[in-house]
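**Q** Please see the structure below; I have some questions.
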Amino acid sequence: MRTVVVTDPPRADAADAETLGGFGVATVHEALGRVGYLGPQFRPAWAGARIGGTAVTVLCWPGDNLMIHVAVEQCRPGDVLVVATASPSSDGLFGELFATALAHRGVRGVVLGSGVRDVAELREMGFPAWSTAVSAQGSVKATAGAVNVPVVLGGQRICPGDVVVADDDGVMVVPRADVPRALTASRARAEKEEATREAFRRGELGLDRYGLRDRLPAFGIEYVSHADEHAEEAGER
């Protein structure tokens, strides 16, 4: 590993990132063709937060948060801190004190491929955090890593400046070059979903709106009355 801090990498537009955050993980993920999702293991420390921001990436050693301290200086308003470890770790590398420092710098939240601690305090101060574990296990500050280099979380490659979208459904990444396409596709999907929502409120069925009814026979699905079903069961006995 090269122990390096890359300063001021190019970032996606902060307003675009915030807009994608407003659409939410499920909508953006579907709009892009179901790509970029980090998986169900990344859960919010507290419910209700929804963010979209530009990634400042950190690569730490397990049980060691030295490089998070280094990364704080590289953060600016609209960023999301993204922390990976060189090998699996569930230790609580991030808590209230880090959140206080990042909130001062306008950081929108943190995503950790490890543990988070001080959950009650994070919820009280309203600082969003997503992680793969909640753990009071502390850490040391003894091993050099890297800041603003590509990292992998949940099988997804996250580069500095990419957009990270996170909410109660989890976390996803939108590569910086894909942000314009993501915005267009997410708007279209949101409009389509609103039209469908209104149709469902009027009583329309998904079977008909999505053209599924005519496809059911191809799946081998048939409709039978309750009486016929029981008569057939009785005959089999």
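Labels used: A, B, ... for chains in the order of the structure tokens, numbers from 1 for residues in each chain, and numbers from 1 for ligands as shown.
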I need the residues of segment 8-237 of chain A that end up classed as strand (DSSP E or B) by DSSP on the backbone, written out as a ChimeraX atom specification.
**A** /A:37,43-44,51-60,64,79-85,92-94,109-116,129-134,140,146-147,151-153,156-158,163-167,170-174
**Q** Tell me which protein, DNA and RNA residues are within 9 Å of Gly92 of chain A, counting only C-alpha atoms, leaving out same-chain ones fewer than 3 positions away, and put them as an MDAnalysis selection string.
**A** chainID A and resid 63 89 95 114:118 133:139
**Q** Any chance you could list, as a PyMOL selection string, the residues in segment 36-69 of chain A that come up helix (DSSP H, G or I) when DSSP is run on the backbone?
**A** chain A and resi 66-69
**Q** If you count only C-alpha atoms, which residues fall within 10 Å of Pro40 of chain A, apart from same-chain ones fewer than 3 positions away, as a list in words?
**A**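 Those residues are Tyr37, Arg43, Thr132, Gly154, Asp169, Gly170 and Val171 of chain A.
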**Q** Of the candidates A:Glu198, A:Asp79, A:Glu229, A:Asp16, which one gets nearest to Asn148 of chain A if we count only C-alpha atoms?
**A** A:Asp79
**Q** Show me, as a list in words, the residues that have an atom within 8 Å of segment 183-194 of chain A when counting only C-alpha atoms, minus same-chain residues fewer than 2 positions from it.
**A**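 Skipping anything fewer than 2 positions along the chain leaves Asp16, Thr19, Leu20, Phe23, Thr27, Val28, Ala31, Leu32, Val179, Pro180, Arg181, Thr196, Arg197 and Glu198 of chain A.
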**Q** Tell me, as a PyMOL selection string, which residues lie within 10 Å of Val35 of chain A, counting only C-alpha atoms; anything in the same chain fewer than 4 positions away does not count.
**A** chain A and resi 28-31+156+172-174
**Q** For Asp64 of chain A, which residue among A:Ser131, A:Thr100, A:Ser87, A:Thr7 is the nearest when counting only C-alpha atoms?
**A**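 So, comparing all the options, the nearest one is A:Ser87.
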**Q** Distance atom CA of Leu122 of chain A-atom CA of Leu102 of chain A, one decimal place?
**A** 11.9 Å
**Q** For Pro160 of chain A, find every residue with an atom within 10 Å (counting only C-alpha atoms), except residues of its own chain fewer than 3 positions away, and show them as JSON, numbers by chain.
**A** {"A": [6, 8, 9, 10, 11, 12, 54, 55, 56, 57, 58, 79, 80, 81, 82, 147, 148, 149, 150, 151, 163, 175, 176]}
**Q** Set the distance at 12 Å and use only C-alpha atoms: which residues neighbour Pro62 of chain A once local chain neighbours fewer than 2 positions away are removed? I'd like the list as number ranges by chain.
**A** A: 59-60, 64-67, 83-93, 112-115, 137-145
**Q** Include N, CA, C and O atoms and write out the residues we just selected as a compact mmCIF listing (two decimals), in the first residue's frame.
**A**
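Listing of result-v5.txt after writing:
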# COMPACT_ATOMS: atom_id res chain seq x y z
N LEU A 59 -8.45 4.83 3.54
CA LEU A 59 -8.08 3.43 3.71
C LEU A 59 -7.30 3.30 5.01
O LEU A 59 -6.20 3.85 5.15
N CYS A 60 -7.91 2.61 5.98
CA CYS A 60 -7.30 2.42 7.30
C CYS A 60 -6.89 0.96 7.48
O CYS A 60 -7.35 0.07 6.77
N ASP A 64 -7.61 0.69 13.58
CA ASP A 64 -6.73 1.86 13.58
C ASP A 64 -7.41 2.99 12.81
O ASP A 64 -7.75 2.83 11.63
N ASN A 65 -7.61 4.14 13.47
CA ASN A 65 -8.30 5.25 12.80
C ASN A 65 -7.40 6.46 12.55
O ASN A 65 -7.89 7.58 12.36
N LEU A 66 -6.09 6.23 12.53
CA LEU A 66 -5.16 7.33 12.27
C LEU A 66 -5.54 8.10 11.01
O LEU A 66 -5.56 9.34 11.01
N MET A 67 -5.86 7.38 9.93
CA MET A 67 -6.07 8.05 8.65
C MET A 67 -7.39 8.81 8.59
O MET A 67 -7.55 9.70 7.75
N VAL A 83 -14.95 5.28 4.52
CA VAL A 83 -13.84 4.63 5.20
C VAL A 83 -13.83 3.13 4.92
O VAL A 83 -14.82 2.43 5.21
N ALA A 84 -12.74 2.65 4.37
CA ALA A 84 -12.53 1.22 4.16
C ALA A 84 -11.33 0.78 5.00
O ALA A 84 -10.50 1.60 5.40
N THR A 85 -11.25 -0.52 5.28
CA THR A 85 -10.10 -1.06 6.00
C THR A 85 -9.37 -2.08 5.14
O THR A 85 -9.97 -2.72 4.27
N ALA A 86 -8.08 -2.22 5.39
CA ALA A 86 -7.25 -3.09 4.57
C ALA A 86 -7.60 -4.56 4.71
O ALA A 86 -7.32 -5.37 3.82
N SER A 87 -8.23 -4.93 5.80
CA SER A 87 -8.77 -6.28 6.00
C SER A 87 -9.98 -6.13 6.91
O SER A 87 -10.17 -5.08 7.53
N PRO A 88 -10.84 -7.16 6.98
CA PRO A 88 -12.11 -7.00 7.71
C PRO A 88 -11.93 -6.51 9.14
O PRO A 88 -11.03 -6.95 9.86
N SER A 89 -12.82 -5.61 9.54
CA SER A 89 -12.78 -5.05 10.88
C SER A 89 -14.18 -4.61 11.28
O SER A 89 -14.89 -4.01 10.48
N SER A 90 -14.55 -4.90 12.52
CA SER A 90 -15.83 -4.42 13.05
C SER A 90 -15.63 -3.41 14.17
O SER A 90 -16.58 -2.98 14.81
N ASP A 91 -14.40 -3.02 14.42
CA ASP A 91 -14.10 -2.08 15.50
C ASP A 91 -14.76 -0.72 15.24
O ASP A 91 -14.90 -0.28 14.10
N GLY A 92 -15.09 -0.05 16.34
CA GLY A 92 -15.73 1.26 16.24
C GLY A 92 -14.71 2.34 15.94
O GLY A 92 -14.17 2.99 16.85
N LEU A 93 -14.45 2.56 14.66
CA LEU A 93 -13.43 3.53 14.26
C LEU A 93 -13.91 4.97 14.26
O LEU A 93 -13.10 5.89 14.12
N LEU A 112 -18.89 3.68 6.62
CA LEU A 112 -17.76 2.90 7.11
C LEU A 112 -17.94 1.42 6.81
O LEU A 112 -19.00 0.85 7.10
N GLY A 113 -16.90 0.81 6.26
CA GLY A 113 -16.89 -0.64 6.12
C GLY A 113 -16.37 -1.30 7.37
O GLY A 113 -15.66 -2.30 7.31
N SER A 114 -16.72 -0.73 8.52
CA SER A 114 -16.30 -1.22 9.83
C SER A 114 -17.36 -0.78 10.83
O SER A 114 -18.52 -0.63 10.46
N GLY A 115 -16.95 -0.54 12.08
CA GLY A 115 -17.92 -0.21 13.10
C GLY A 115 -18.02 1.27 13.39
O GLY A 115 -17.11 2.05 13.11
N GLN A 137 -15.90 -1.19 20.71
CA GLN A 137 -14.48 -1.51 20.67
C GLN A 137 -13.69 -0.35 20.09
O GLN A 137 -13.95 0.10 18.97
N GLY A 138 -12.73 0.15 20.85
CA GLY A 138 -11.97 1.30 20.43
C GLY A 138 -10.88 0.97 19.43
O GLY A 138 -10.75 -0.17 18.95
N SER A 139 -10.05 1.97 19.11
CA SER A 139 -9.03 1.80 18.09
C SER A 139 -7.75 2.51 18.52
O SER A 139 -7.74 3.29 19.48
N VAL A 140 -6.68 2.24 17.78
CA VAL A 140 -5.41 2.92 18.00
C VAL A 140 -5.15 3.87 16.84
O VAL A 140 -5.93 3.95 15.90
N LYS A 141 -4.07 4.60 16.94
CA LYS A 141 -3.67 5.54 15.90
C LYS A 141 -2.19 5.30 15.64
O LYS A 141 -1.33 6.07 16.07
N ALA A 142 -1.90 4.20 14.92
CA ALA A 142 -0.51 3.75 14.87
C ALA A 142 -0.03 3.32 13.50
O ALA A 142 1.16 3.08 13.34
N THR A 143 -0.93 3.22 12.50
CA THR A 143 -0.53 2.64 11.22
C THR A 143 -0.96 3.53 10.07
O THR A 143 -2.12 3.92 9.97
N ALA A 144 -0.01 3.82 9.19
CA ALA A 144 -0.30 4.69 8.06
C ALA A 144 -1.15 3.98 7.02
O ALA A 144 -0.98 2.79 6.76
N GLY A 145 -2.07 4.72 6.42
CA GLY A 145 -2.89 4.23 5.32
C GLY A 145 -2.89 5.24 4.20
O GLY A 145 -1.84 5.79 3.86
**Q** Counting only C-alpha atoms, figure out which residue out of A:Trp61, A:Trp130, A:Phe98, A:Phe219 gets nearest to Leu38 of chain A.
**A**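 Of A:Trp61, A:Trp130, A:Phe98, A:Phe219, the one nearest Leu38 of chain A, counting only C-alpha atoms, is A:Trp130.
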